[in-house]
Each structure stands twice: as structure tokens, then as C-alpha cells.
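Trainee: Quick one, my_file-v4.cif (mmCIF, C-alpha atoms):
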data_coords
loop_
_atom_site.group_PDB
_atom_site.id
_atom_site.type_symbol
_atom_site.label_atom_id
_atom_site.label_comp_id
_atom_site.auth_asym_id
_atom_site.auth_seq_id
_atom_site.Cartn_x
_atom_site.Cartn_y
_atom_site.Cartn_z
ATOM 1 C CA MET T 1 -17.626 1.275 -4.026
ATOM 2 C CA ASP T 2 -15.343 4.208 -4.815
ATOM 3 C CA ILE T 3 -12.224 2.072 -4.436
ATOM 4 C CA LEU T 4 -11.444 -1.609 -4.946
ATOM 5 C CA ALA T 5 -8.168 -3.018 -3.611
ATOM 6 C CA VAL T 6 -6.859 -6.354 -4.893
ATOM 7 C CA GLY T 7 -4.408 -8.374 -2.824
ATOM 8 C CA GLU T 8 -3.357 -10.336 0.227
ATOM 9 C CA PRO T 9 -4.236 -9.806 3.908
ATOM 10 C CA LEU T 10 -1.865 -11.156 6.565
ATOM 11 C CA LEU T 11 -2.473 -11.453 10.289
ATOM 12 C CA GLU T 12 0.258 -9.559 12.142
ATOM 13 C CA PHE T 13 2.217 -10.470 15.258
ATOM 14 C CA ASN T 14 4.062 -7.299 16.253
ATOM 15 C CA ALA T 15 6.831 -7.235 18.875
ATOM 16 C CA ARG T 16 5.909 -5.422 22.066
ATOM 17 C CA ILE T 17 9.545 -4.528 22.757
ATOM 18 C CA ASP T 18 12.612 -4.021 20.591
ATOM 19 C CA GLY T 19 14.543 -7.193 19.958
ATOM 20 C CA ALA T 20 11.693 -9.632 20.641
ATOM 21 C CA ARG T 21 11.568 -12.609 18.259
ATOM 22 C CA PRO T 22 8.784 -15.096 17.448
ATOM 23 C CA VAL T 23 10.239 -17.793 19.728
ATOM 24 C CA GLU T 24 10.254 -15.674 22.882
ATOM 25 C CA GLY T 25 6.871 -16.354 24.463
ATOM 26 C CA ASP T 26 3.176 -15.673 24.127
ATOM 27 C CA ASP T 27 3.318 -12.186 25.643
ATOM 28 C CA ALA T 28 6.127 -10.894 23.417
ATOM 29 C CA PHE T 29 3.834 -10.019 20.490
ATOM 30 C CA THR T 30 0.609 -8.106 19.925
ATOM 31 C CA VAL T 31 -1.832 -9.559 17.411
ATOM 32 C CA GLY T 32 -2.939 -7.175 14.691
ATOM 33 C CA TYR T 33 -3.664 -6.924 10.990
ATOM 34 C CA GLY T 34 -1.485 -6.398 7.932
ATOM 35 C CA GLY T 35 -1.153 -6.991 4.240
ATOM 36 C CA ASP T 36 -0.436 -3.957 2.084
ATOM 37 C CA THR T 37 -3.736 -3.813 0.203
ATOM 38 C CA SER T 38 -5.826 -4.496 3.312
ATOM 39 C CA ASN T 39 -3.973 -1.672 5.070
ATOM 40 C CA PHE T 40 -4.667 0.503 2.033
ATOM 41 C CA ALA T 41 -8.393 -0.243 2.117
ATOM 42 C CA VAL T 42 -8.654 0.541 5.837
ATOM 43 C CA ALA T 43 -6.706 3.794 5.400
ATOM 44 C CA ALA T 44 -8.944 4.837 2.512
ATOM 45 C CA ALA T 45 -12.070 4.045 4.530
ATOM 46 C CA ARG T 46 -10.808 5.986 7.568
ATOM 47 C CA SER T 47 -10.231 8.939 5.237
ATOM 48 C CA GLY T 48 -13.820 8.833 4.061
ATOM 49 C CA ALA T 49 -13.784 6.675 0.920
ATOM 50 C CA ARG T 50 -16.149 3.797 0.209
ATOM 51 C CA ALA T 51 -13.625 0.984 -0.120
ATOM 52 C CA GLY T 52 -14.002 -2.693 -1.002
ATOM 53 C CA TYR T 53 -11.580 -5.599 -1.090
ATOM 54 C CA VAL T 54 -10.943 -8.435 -3.542
ATOM 55 C CA THR T 55 -9.061 -11.344 -1.997
ATOM 56 C CA ARG T 56 -9.161 -14.951 -0.820
ATOM 57 C CA ILE T 57 -8.921 -15.946 2.856
ATOM 58 C CA GLY T 58 -9.239 -19.172 4.822
ATOM 59 C CA ASP T 59 -12.268 -20.297 6.797
ATOM 60 C CA ASP T 60 -9.957 -20.350 9.823
ATOM 61 C CA ASP T 61 -10.022 -18.044 12.851
ATOM 62 C CA PHE T 62 -7.577 -15.661 11.184
ATOM 63 C CA GLY T 63 -9.837 -15.267 8.174
ATOM 64 C CA ALA T 64 -12.805 -14.659 10.475
ATOM 65 C CA ALA T 65 -10.795 -11.993 12.301
ATOM 66 C CA PHE T 66 -10.225 -10.158 9.033
ATOM 67 C CA LEU T 67 -13.909 -10.255 8.182
ATOM 68 C CA ARG T 68 -14.659 -8.653 11.558
ATOM 69 C CA LEU T 69 -11.990 -6.005 10.936
ATOM 70 C CA TRP T 70 -13.347 -5.080 7.523
ATOM 71 C CA GLU T 71 -16.909 -4.976 8.854
ATOM 72 C CA ARG T 72 -15.843 -2.608 11.653
ATOM 73 C CA GLU T 73 -13.968 -0.400 9.220
ATOM 74 C CA GLY T 74 -16.710 -0.313 6.595
ATOM 75 C CA VAL T 75 -14.601 -2.092 3.969
ATOM 76 C CA GLY T 76 -16.823 -4.043 1.571
ATOM 77 C CA THR T 77 -16.339 -7.823 1.481
ATOM 78 C CA ASP T 78 -18.711 -8.825 -1.319
ATOM 79 C CA HIS T 79 -15.712 -10.044 -3.332
ATOM 80 C CA VAL T 80 -13.815 -11.817 -0.545
ATOM 81 C CA VAL T 81 -13.701 -15.591 -1.124
ATOM 82 C CA ARG T 82 -13.420 -17.900 1.924
ATOM 83 C CA GLU T 83 -11.669 -21.169 1.126
ATOM 84 C CA ALA T 84 -12.763 -24.288 2.982
ATOM 85 C CA GLY T 85 -9.729 -25.571 4.844
ATOM 86 C CA GLY T 86 -7.618 -22.576 3.812
ATOM 87 C CA ARG T 87 -5.016 -21.079 6.135
ATOM 88 C CA THR T 88 -4.807 -17.298 6.104
ATOM 89 C CA GLY T 89 -1.197 -16.033 5.989
ATOM 90 C CA ILE T 90 0.604 -14.494 8.963
ATOM 91 C CA TYR T 91 3.782 -12.548 9.649
ATOM 92 C CA PHE T 92 5.918 -11.484 12.596
ATOM 93 C CA VAL T 93 7.527 -8.069 13.063
ATOM 94 C CA SER T 94 10.545 -7.662 15.330
ATOM 95 C CA ARG T 95 12.541 -4.461 15.701
ATOM 96 C CA THR T 96 15.838 -3.031 16.775
ATOM 97 C CA ARG T 97 16.624 0.657 17.034
ATOM 98 C CA SER T 98 17.876 0.679 13.460
ATOM 99 C CA GLU T 99 15.478 -1.597 11.564
ATOM 100 C CA SER T 100 12.345 -3.719 11.460
ATOM 101 C CA ARG T 101 12.577 -7.413 10.558
ATOM 102 C CA PHE T 102 9.752 -9.460 9.055
ATOM 103 C CA VAL T 103 9.180 -13.228 9.083
ATOM 104 C CA TYR T 104 6.347 -14.473 6.848
ATOM 105 C CA TYR T 105 4.298 -17.685 6.819
ATOM 106 C CA ARG T 106 2.200 -17.276 3.685
ATOM 107 C CA ALA T 107 3.146 -20.164 1.360
ATOM 108 C CA HIS T 108 0.041 -21.806 -0.154
ATOM 109 C CA SER T 109 -2.263 -19.290 1.503
ATOM 110 C CA PRO T 110 -5.684 -18.720 -0.078
ATOM 111 C CA ALA T 111 -4.518 -15.286 -1.267
ATOM 112 C CA SER T 112 -1.734 -16.933 -3.263
ATOM 113 C CA ARG T 113 -4.476 -18.665 -5.260
ATOM 114 C CA LEU T 114 -6.032 -15.358 -6.302
ATOM 115 C CA ALA T 115 -6.644 -15.569 -10.058
ATOM 116 C CA PRO T 116 -8.227 -13.530 -12.877
ATOM 117 C CA ARG T 117 -11.552 -15.319 -12.328
ATOM 118 C CA ASP T 118 -11.718 -13.702 -8.874
ATOM 119 C CA ILE T 119 -11.707 -10.165 -10.288
ATOM 120 C CA PRO T 120 -15.308 -8.877 -10.511
ATOM 121 C CA ALA T 121 -15.589 -7.066 -13.843
ATOM 122 C CA ASP T 122 -18.857 -5.342 -12.943
ATOM 123 C CA ALA T 123 -17.483 -4.022 -9.658
ATOM 124 C CA VAL T 124 -14.314 -2.787 -11.367
ATOM 125 C CA GLY T 125 -16.463 -0.951 -13.888
ATOM 126 C CA ARG T 126 -18.532 0.704 -11.142
ATOM 127 C CA ALA T 127 -15.506 1.701 -9.044
ATOM 128 C CA ARG T 128 -13.722 5.016 -9.442
ATOM 129 C CA LEU T 129 -10.284 3.566 -8.633
ATOM 130 C CA VAL T 130 -8.679 0.106 -8.495
ATOM 131 C CA HIS T 131 -5.516 -0.436 -6.437
ATOM 132 C CA VAL T 132 -2.898 -3.143 -7.134
ATOM 133 C CA THR T 133 0.616 -3.663 -5.766
ATOM 134 C CA GLY T 134 3.808 -5.483 -6.600
ATOM 135 C CA ILE T 135 3.367 -7.705 -3.546
ATOM 136 C CA THR T 136 0.062 -8.955 -4.909
ATOM 137 C CA GLN T 137 1.793 -9.830 -8.171
ATOM 138 C CA ALA T 138 4.789 -11.423 -6.445
ATOM 139 C CA ILE T 139 3.009 -14.028 -4.334
ATOM 140 C CA SER T 140 2.125 -16.344 -7.251
ATOM 141 C CA PRO T 141 1.801 -16.400 -11.047
ATOM 142 C CA SER T 142 -1.997 -16.536 -10.812
ATOM 143 C CA ALA T 143 -2.074 -13.543 -8.450
ATOM 144 C CA CYS T 144 0.214 -11.710 -10.858
ATOM 145 C CA ASP T 145 -2.245 -12.399 -13.659
ATOM 146 C CA ALA T 146 -5.123 -11.284 -11.429
ATOM 147 C CA GLY T 147 -3.411 -7.952 -10.863
ATOM 148 C CA PHE T 148 -2.899 -7.371 -14.568
ATOM 149 C CA HIS T 149 -6.465 -8.457 -15.298
ATOM 150 C CA ALA T 150 -7.838 -5.987 -12.763
ATOM 151 C CA MET T 151 -5.795 -3.168 -14.295
ATOM 152 C CA GLU T 152 -6.824 -4.049 -17.839
ATOM 153 C CA LEU T 153 -10.513 -4.224 -16.888
ATOM 154 C CA ALA T 154 -10.206 -0.859 -15.174
ATOM 155 C CA ARG T 155 -8.563 0.762 -18.177
ATOM 156 C CA ARG T 156 -11.314 -0.503 -20.474
ATOM 157 C CA ALA T 157 -13.987 0.802 -18.092
ATOM 158 C CA GLY T 158 -12.388 4.215 -17.575
ATOM 159 C CA THR T 159 -11.672 3.416 -13.917
ATOM 160 C CA LEU T 160 -8.503 4.925 -12.470
ATOM 161 C CA VAL T 161 -5.684 2.547 -11.529
ATOM 162 C CA SER T 162 -3.263 3.194 -8.690
ATOM 163 C CA TYR T 163 -0.169 1.012 -8.374
ATOM 164 C CA ASP T 164 2.383 0.718 -5.582
ATOM 165 C CA PRO T 165 5.511 -1.250 -6.608
ATOM 166 C CA ASN T 166 6.043 -2.436 -3.008
ATOM 167 C CA LEU T 167 9.166 -4.225 -4.160
ATOM 168 C CA ARG T 168 10.063 -7.200 -1.966
ATOM 169 C CA PRO T 169 13.242 -8.812 -3.369
ATOM 170 C CA ALA T 170 12.792 -11.933 -1.230
ATOM 171 C CA LEU T 171 9.555 -12.797 -3.021
ATOM 172 C CA TRP T 172 10.801 -13.114 -6.606
ATOM 173 C CA PRO T 173 13.841 -12.877 -8.911
ATOM 174 C CA ALA T 174 15.037 -9.334 -9.540
ATOM 175 C CA GLU T 175 14.583 -9.366 -13.322
ATOM 176 C CA ARG T 176 11.048 -10.744 -13.151
ATOM 177 C CA ALA T 177 10.157 -8.261 -10.410
ATOM 178 C CA ARG T 178 11.441 -5.354 -12.476
ATOM 179 C CA ALA T 179 9.661 -6.482 -15.645
ATOM 180 C CA VAL T 180 6.300 -7.098 -13.947
ATOM 181 C CA ILE T 181 6.366 -3.992 -11.773
ATOM 182 C CA MET T 182 7.375 -1.613 -14.544
ATOM 183 C CA ARG T 183 4.600 -3.041 -16.725
ATOM 184 C CA GLY T 184 2.242 -2.321 -13.849
ATOM 185 C CA VAL T 185 3.520 1.248 -13.781
ATOM 186 C CA GLU T 186 2.824 1.543 -17.508
ATOM 187 C CA LEU T 187 -0.765 0.375 -17.005
ATOM 188 C CA CYS T 188 -1.585 2.671 -14.102
ATOM 189 C CA ASP T 189 -2.761 6.254 -13.811
ATOM 190 C CA ILE T 190 -1.200 6.829 -10.387
ATOM 191 C CA ALA T 191 2.196 5.340 -9.470
ATOM 192 C CA LEU T 192 3.191 5.350 -5.794
ATOM 193 C CA PRO T 193 6.814 4.157 -5.433
ATOM 194 C CA ASN T 194 9.147 4.891 -2.553
ATOM 195 C CA LEU T 195 12.669 6.154 -3.146
ATOM 196 C CA THR T 196 14.497 2.955 -2.186
ATOM 197 C CA GLU T 197 12.541 0.715 -4.531
ATOM 198 C CA GLY T 198 12.508 3.437 -7.164
ATOM 199 C CA ARG T 199 16.286 3.394 -7.242
ATOM 200 C CA ALA T 200 16.334 -0.385 -7.556
ATOM 201 C CA LEU T 201 13.745 -0.427 -10.335
ATOM 202 C CA THR T 202 15.019 2.469 -12.455
ATOM 203 C CA GLY T 203 18.781 2.397 -11.903
ATOM 204 C CA GLU T 204 18.658 6.111 -11.088
ATOM 205 C CA HIS T 205 19.785 7.585 -7.767
ATOM 206 C CA GLY T 206 18.679 11.182 -7.340
ATOM 207 C CA PRO T 207 15.032 11.672 -6.335
ATOM 208 C CA ARG T 208 14.241 13.843 -9.355
ATOM 209 C CA GLU T 209 15.859 11.359 -11.722
ATOM 210 C CA VAL T 210 13.929 8.470 -10.147
ATOM 211 C CA LEU T 211 10.693 10.452 -10.357
ATOM 212 C CA ASP T 212 11.278 11.371 -13.995
ATOM 213 C CA ALA T 213 11.987 7.732 -14.878
ATOM 214 C CA PHE T 214 8.553 6.748 -13.582
ATOM 215 C CA VAL T 215 6.874 9.675 -15.317
ATOM 216 C CA ARG T 216 8.336 8.566 -18.637
ATOM 217 C CA ARG T 217 6.519 5.243 -18.225
ATOM 218 C CA GLY T 218 3.226 7.060 -18.682
ATOM 219 C CA PRO T 219 1.277 7.537 -15.408
ATOM 220 C CA SER T 220 -0.508 10.875 -15.211
ATOM 221 C CA THR T 221 0.443 11.162 -11.527
ATOM 222 C CA VAL T 222 3.567 9.872 -9.783
ATOM 223 C CA VAL T 223 4.168 10.269 -6.058
ATOM 224 C CA LEU T 224 7.690 9.424 -4.893
ATOM 225 C CA LYS T 225 7.535 8.701 -1.163
ATOM 226 C CA MET T 226 10.760 9.582 0.651
ATOM 227 C CA GLY T 227 9.956 8.947 4.312
ATOM 228 C CA ALA T 228 11.525 11.540 6.568
ATOM 229 C CA GLU T 229 12.415 13.592 3.484
ATOM 230 C CA GLY T 230 8.775 14.048 2.460
ATOM 231 C CA ALA T 231 7.562 13.307 -1.052
ATOM 232 C CA LEU T 232 7.680 14.536 -4.647
ATOM 233 C CA VAL T 233 4.463 14.734 -6.663
ATOM 234 C CA ALA T 234 4.546 14.844 -10.461
ATOM 235 C CA HIS T 235 1.208 15.898 -11.902
ATOM 236 C CA GLU T 236 0.100 17.832 -14.984
ATOM 237 C CA GLY T 237 3.621 18.693 -16.055
ATOM 238 C CA THR T 238 5.011 20.032 -12.776
ATOM 239 C CA VAL T 239 6.620 18.627 -9.656
ATOM 240 C CA THR T 240 5.632 19.661 -6.144
ATOM 241 C CA ARG T 241 7.705 18.910 -3.072
ATOM 242 C CA ILE T 242 5.763 17.804 0.002
ATOM 243 C CA ASP T 243 7.513 18.569 3.274
ATOM 244 C CA PRO T 244 7.571 15.781 5.883
ATOM 245 C CA HIS T 245 5.405 15.949 8.979
ATOM 246 C CA PRO T 246 7.727 15.498 11.984
ATOM 247 C CA VAL T 247 6.741 12.850 14.530
ATOM 248 C CA ARG T 248 8.406 10.578 17.057
ATOM 249 C CA GLN T 249 8.451 7.282 15.175
ATOM 250 C CA VAL T 250 7.617 4.058 16.980
ATOM 251 C CA ASP T 251 6.897 1.603 14.150
ATOM 252 C CA PRO T 252 6.957 2.385 10.406
ATOM 253 C CA THR T 253 4.994 -0.768 9.451
ATOM 254 C CA GLY T 254 2.267 0.084 6.951
ATOM 255 C CA ALA T 255 3.074 3.792 6.644
ATOM 256 C CA GLY T 256 3.417 3.606 2.863
ATOM 257 C CA ASP T 257 0.101 1.750 2.586
ATOM 258 C CA THR T 258 -1.577 4.418 4.707
ATOM 259 C CA PHE T 259 -0.126 7.096 2.431
ATOM 260 C CA ASP T 260 -1.566 5.324 -0.611
ATOM 261 C CA GLY T 261 -5.045 4.874 0.857
ATOM 262 C CA ALA T 262 -5.233 8.386 2.252
ATOM 263 C CA PHE T 263 -3.994 9.864 -1.031
ATOM 264 C CA ALA T 264 -6.557 7.931 -3.076
ATOM 265 C CA ALA T 265 -9.403 8.913 -0.770
ATOM 266 C CA ARG T 266 -8.600 12.614 -0.867
ATOM 267 C CA LEU T 267 -7.975 12.583 -4.613
ATOM 268 C CA LEU T 268 -11.384 11.039 -5.260
ATOM 269 C CA ASP T 269 -12.896 13.610 -2.917
ATOM 270 C CA GLY T 270 -11.724 16.315 -5.320
ATOM 271 C CA ALA T 271 -8.458 17.454 -3.755
ATOM 272 C CA PRO T 272 -5.672 18.454 -6.171
ATOM 273 C CA ALA T 273 -2.839 15.920 -6.234
ATOM 274 C CA PRO T 274 -0.398 18.041 -4.164
ATOM 275 C CA GLU T 275 -3.065 18.703 -1.532
ATOM 276 C CA ALA T 276 -3.978 15.018 -1.416
ATOM 277 C CA ALA T 277 -0.285 14.160 -0.975
ATOM 278 C CA ARG T 278 0.114 16.681 1.835
ATOM 279 C CA TYR T 279 -2.814 15.037 3.619
ATOM 280 C CA ALA T 280 -1.385 11.557 2.925
ATOM 281 C CA ALA T 281 2.046 12.529 4.256
ATOM 282 C CA VAL T 282 0.526 13.576 7.568
ATOM 283 C CA ALA T 283 -1.604 10.416 7.743
ATOM 284 C CA ALA T 284 1.426 8.225 7.051
ATOM 285 C CA ALA T 285 3.544 10.035 9.641
ATOM 286 C CA LEU T 286 0.862 9.647 12.306
ATOM 287 C CA THR T 287 0.678 5.926 11.528
ATOM 288 C CA THR T 288 4.297 5.509 12.625
ATOM 289 C CA THR T 289 3.599 6.856 16.126
ATOM 290 C CA GLY T 290 2.102 3.565 17.344
ATOM 291 C CA PRO T 291 2.839 -0.142 16.884
ATOM 292 C CA GLY T 292 1.226 -2.226 14.156
ATOM 293 C CA ALA T 293 0.042 -1.600 10.641
ATOM 294 C CA VAL T 294 -3.651 -0.852 11.239
ATOM 295 C CA THR T 295 -4.343 0.366 14.780
ATOM 296 C CA PRO T 296 -2.455 3.683 14.414
ATOM 297 C CA ILE T 297 -3.973 4.616 11.017
ATOM 298 C CA PRO T 298 -5.618 8.003 11.676
ATOM 299 C CA ARG T 299 -9.116 9.022 10.700
ATOM 300 C CA ARG T 300 -9.795 12.040 8.548
ATOM 301 C CA GLY T 301 -10.780 14.306 11.421
ATOM 302 C CA THR T 302 -7.428 13.722 13.114
ATOM 303 C CA VAL T 303 -5.432 14.477 9.963
ATOM 304 C CA ASP T 304 -7.529 17.539 9.161
ATOM 305 C CA ALA T 305 -6.919 18.848 12.679
ATOM 306 C CA VAL T 306 -3.162 18.475 12.234
ATOM 307 C CA LEU T 307 -3.273 20.230 8.872
ATOM 308 C CA ALA T 308 -5.340 23.040 10.367
ATOM 309 C CA GLY T 309 -2.561 23.586 12.884
ATOM 310 C CA GLY T 310 -0.538 25.555 10.364
ATOM 311 C CA HIS T 311 2.022 23.126 8.970
ATOM 312 C CA ARG T 312 4.264 24.121 6.095
ATOM 313 C CA PRO T 313 2.614 24.266 2.660
ATOM 314 C CA VAL T 314 3.558 22.283 -0.400
ATOM 315 C CA ARG T 315 6.221 23.941 -2.525
ATOM 316 C CA PRO T 316 6.016 24.065 -6.347
ATOM 317 C CA SER T 317 9.138 22.880 -8.114
ATOM 318 C CA ARG T 318 10.476 22.741 -11.658
ATOM 319 C CA PRO T 319 8.728 21.353 -14.733
ATOM 320 C CA ILE T 320 9.022 17.636 -15.341
ATOM 321 C CA ARG T 321 11.832 16.492 -17.603
ATOM 322 C CA ARG T 322 10.624 13.943 -20.136
#
Would it be possible to restate this file's structure as C-alpha cells?

Mentor:
Amino acid sequence: MDILAVGEPLLEFNARIDGARPVEGDDAFTVGYGGDTSNFAVAAARSGARAGYVTRIGDDDFGAAFLRLWEREGVGTDHVVREAGGRTGIYFVSRTRSESRFVYYRAHSPASRLAPRDIPADAVGRARLVHVTGITQAISPSACDAGFHAMELARRAGTLVSYDPNLRPALWPAERARAVIMRGVELCDIALPNLTEGRALTGEHGPREVLDAFVRRGPSTVVLKMGAEGALVAHEGTVTRIDPHPVRQVDPTGAGDTFDGAFAARLLDGAPAPEAARYAAVAAALTTTGPGAVTPIPRRGTVDAVLAGGHRPVRPSRPIRR
């Protein structure tokens, strides 16, 4: 596999209409797939990468549904453990015009029992990139250790590490979250924060100041995702601004995960970091044009066609301040 993602899949129940809540009837929600690292793996595969997944799922119907998804998408499952009697986690998404709301049922899920012993050292050594997130490390102490173990194995093997903070304050105390996530940033080669969590983690406010704070932690590449404002890419001593791709947004669920997977796939395919980020920005924007985390993720041909339509180029910026 080119890419190994480590983390937690969650079955998704996504509101069909704004304002719908989990108690409002069987037809109010569409069943789909979620979980940041599963979304990442699917996005990477749809962009042409050979992706595999390291996780634990139940032997329930939800776990079986994920195995069918990954098989359809070409995501490797050699390192997916099925727990007898385990209950795969789920979540509900409801929306208003101004925000999306999430309700999770993941306590004691098989993924929360992910541990260092589940990380396949040989597969990490053969991979070109390993992907870990703050959510993976937030769901339990053993999953946190598994994330660090995967990163440490990758560093010893010369395998690239990408890390998305994916800060979720509801999952863990703020000080522990900051300490664990910033250590993850220090261990990675590619950091993929968004602006909101970057502000919370660094104490900085301006995008350039937030970006520089992550760069000082040591990653060779930092991409600061800024939603409708585009992205900033710090790589090899310079910063490049990536203009946003305008779309009519329906549901932003999973857009950041799609960015990460698309970026990793294009980077491993030989694209320079700014070019990979331009591609990823378009992929992420297209993901928001339909409901759910996985169904709207575009394939490479679709993104390439959009890019061929003459959208604005990336714009070089000033040198990085260290």
C-alpha cells in the first residue's frame, strides 16, 4: 500500500432536510459512512492512491457495511480487526442554515480499543505514508498510544507521516488535547490543521502567525486549511496561497478529510506541494456539494476536469518566518 490510515470508522446518519433530528422518524436520515480516517482513505483511493486501513470494527451489520464500502473503493482491509460482539460506532448529523450538529454513539466501540499491538510494523515500513489524526488519539488512551506508535514506526522506517489535528474539544480536556496534538505535529512530516483549530492550539490569530507556529514545530510541509478562504501551504521555506474553489455548499461534512486524502495521493504521485494542495482544495470543495461524508467525494478525473477548466493558479507568498 502507498498509504496506511489509522483510526476510527463511524456509520453516518445524515439529515435529509435542515433541522431534522435523530428522534424524528425513519425517513429523516440517509445512512452513509464517516470517520475521519476512513473518509481520508476513500478520498486517497478515489484520487488514485493505493490506500489501506488499520482499525477495529464490530462483527455487526455496521461493521460488515464498512467492509463492503472499503472493498468497493479499493481500500485494503488486511489490518482491519473484527471484534466478536463488538458494536461499530455511529453518529447523526443535523443541520441548520448556519451550522451542522453532530451526535455520537461511539463509547466502548471496537475502534476505541485500538492499541499499539494493532499497528502492523511491516506494513508501515512498506508504506510511503502513514496518516494519523487527533480524533484517533482522543477516543481512548490506547488509541492515543497506537497513533504515536504508528508515527514512531514510520519515522524509523523512513515512511512519511501526515497528521491532521482534527481537534474535537468534546472528546478530551483542552490541555491534554493540546499536548498530545502538538506532539503529533512534532512527529509528522506533513501537518494539516484548519484555521479554527490552529488558533485554539497555538494561541495565534492571524493565518500567517498560525501557520508559522506549526512550521516551528518541525514538519517539512504545513497546509493550513481555511475553508472558503482557501489554504496556505508552507513548504521548502516559502508559503503559497491556494485560492478557494467556489461552489454552492450543501454539507461540509468530511471536506477536510477529503482534502487530506486528495493531497496525500497527489503528493505521492509526484505533484509539488502547492499543486497537490490546489487539487485537494477543489476535491474538498466538490465534496461539500452533496450530503454525507463519502458519497460526494470526487474521483480524480472529475477534479482534473475542473482544474483543466482554467481556475486561478496558486500564488507564491513571502518566505516563512521561523

Trainee: Counting all atoms listed in the file, which residue out of T:Arg299, T:Arg248, T:Arg183, T:His235 sits closest to Ala262 (chain T)?

Mentor: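 Using all atoms listed in the file, Ala262 (chain T) sits closest to T:Arg299.
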
Trainee: Carefully work through the PyMOL selection byres ((chain T and resi 187) around 12) for this structure and note down the residues it includes, as an MDAnalysis selection string.

Mentor: chainID T and resid 130:132 147:156 159:164 180:186 188:191 214 217:220

Trainee: Report as a list in words the full result of the PyMOL selection byres ((chain T and resi 291) around 9) when it is applied to this structure.

Mentor: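 After applying the PyMOL selection byres ((chain T and resi 291) around 9), what remains is Asn14, Ala15, Arg16, Thr30, Val250, Asp251, Pro252, Thr253, Thr287, Thr288, Thr289, Gly290, Gly292, Ala293, Val294, Thr295 and Pro296 of chain T.
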
Trainee: Let me know the residues the PyMOL selection byres ((chain T and resi 261) around 6) catches in the file above, as number ranges by chain.

Mentor: T: 40, 43-44, 258-260, 262-264

Trainee: Quick one: axis-aligned box around all listed atoms of region 187-203 of chain T, 4 Å on every side, centre and edge lengths in Å to one decimal, written as JSON.

Mentor:
{"center_x": 8.0, "center_y": 3.2, "center_z": -9.6, "size_x": 29.5, "size_y": 15.3, "size_z": 22.8}

Trainee: My list of candidates is T:Asp145, T:Asp243, T:Glu73, T:Asp212. Which is closest to Ala280 (chain T) when distances are computed with all atoms listed in the file?

Mentor: T:Asp243

Trainee: Mind pulling up the distance from CA of Trp70 (chain T) to CA of Arg128 (chain T)?

Mentor: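 One can read the CA of Arg128 (chain T) to CA of Trp70 (chain T) distance as 19.7 Å.
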
Trainee: Pick out the residues sitting within 10 Å of Ser140 (chain T), and hand them over as a VMD selection string; count only C-alpha atoms, and ignore anything fewer than 6 positions along from it in its own chain.

Mentor: chain T and resid 107 to 108 111 to 115 146 171 to 172

Trainee: Counting only C-alpha atoms, which of T:Gly206, T:Gly52, T:Pro9, T:Gly237 gets nearest to Tyr104 (chain T)?

Mentor: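 Among the listed residues, T:Pro9 lies closest to Tyr104 (chain T).
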
Trainee: Measuring between only C-alpha atoms, which one of T:Ala138, T:Ala28, T:Ala157, T:Val239 shows the shortest distance to Ser94 (chain T)?

Mentor: T:Ala28

Trainee: Of the residues T:Ala51, T:Val103, T:Met226, T:Leu10, which is the one nearest to Thr196 (chain T), using all atoms listed in the file?

Mentor: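 Going through T:Ala51, T:Val103, T:Met226, T:Leu10 one by one, the smallest distance to Thr196 (chain T) is for T:Met226.
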
Trainee: Quick one: pull the distance between CA of Ala177 (chain T) and CA of Glu8 (chain T), Å, one decimal.

Mentor: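 Those two atoms sit 17.3 Å apart.
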
Trainee: If I take CA of Arg46 (chain T) and CA of Pro298 (chain T), how far is one from the other in Å, to one decimal?

Mentor: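 Result for CA of Arg46 (chain T) versus CA of Pro298 (chain T): 6.9 Å, one decimal.
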
Trainee: Considering all atoms listed in the file, can you say which of T:Pro141, T:Pro193, T:Gly48, T:Pro274 comes closest to Glu236 (chain T)?

Mentor: T:Pro274

Trainee: Once N, CA, C and O atoms are restored for region 136-146 of chain T, what would the output be as a short mmCIF file (atom, residue, chain, number, x, y, z; two decimals), in the frame of the given file?

Mentor:
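Okay, result.cif is ready:
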data_model
loop_
_atom_site.label_atom_id
_atom_site.label_comp_id
_atom_site.auth_asym_id
_atom_site.auth_seq_id
_atom_site.Cartn_x
_atom_site.Cartn_y
_atom_site.Cartn_z
N THR T 136 1.13 -8.11 -4.38
CA THR T 136 0.06 -8.96 -4.91
C THR T 136 0.56 -9.78 -6.08
O THR T 136 0.29 -10.98 -6.21
N GLN T 137 1.34 -9.14 -6.97
CA GLN T 137 1.79 -9.83 -8.17
C GLN T 137 2.98 -10.75 -7.91
O GLN T 137 3.30 -11.60 -8.75
N ALA T 138 3.62 -10.59 -6.76
CA ALA T 138 4.79 -11.42 -6.44
C ALA T 138 4.44 -12.74 -5.80
O ALA T 138 5.23 -13.69 -5.86
N ILE T 139 3.26 -12.85 -5.18
CA ILE T 139 3.01 -14.03 -4.33
C ILE T 139 2.72 -15.29 -5.13
O ILE T 139 2.88 -16.40 -4.60
N SER T 140 2.32 -15.16 -6.40
CA SER T 140 2.12 -16.34 -7.25
C SER T 140 1.87 -15.90 -8.68
O SER T 140 1.44 -14.76 -8.92
N PRO T 141 2.12 -16.76 -9.66
CA PRO T 141 1.80 -16.40 -11.05
C PRO T 141 0.33 -16.07 -11.26
O PRO T 141 -0.01 -15.16 -12.01
N SER T 142 -0.57 -16.82 -10.61
CA SER T 142 -2.00 -16.54 -10.81
C SER T 142 -2.40 -15.20 -10.20
O SER T 142 -3.23 -14.47 -10.76
N ALA T 143 -1.79 -14.85 -9.05
CA ALA T 143 -2.07 -13.54 -8.45
C ALA T 143 -1.51 -12.42 -9.31
O ALA T 143 -2.10 -11.34 -9.41
N CYS T 144 -0.36 -12.69 -9.93
CA CYS T 144 0.21 -11.71 -10.86
C CYS T 144 -0.75 -11.46 -12.01
O CYS T 144 -1.05 -10.31 -12.37
N ASP T 145 -1.28 -12.53 -12.56
CA ASP T 145 -2.24 -12.40 -13.66
C ASP T 145 -3.51 -11.69 -13.19
O ASP T 145 -4.10 -10.90 -13.94
N ALA T 146 -3.93 -11.96 -11.96
CA ALA T 146 -5.12 -11.28 -11.43
C ALA T 146 -4.91 -9.78 -11.34
O ALA T 146 -5.82 -8.99 -11.66
#
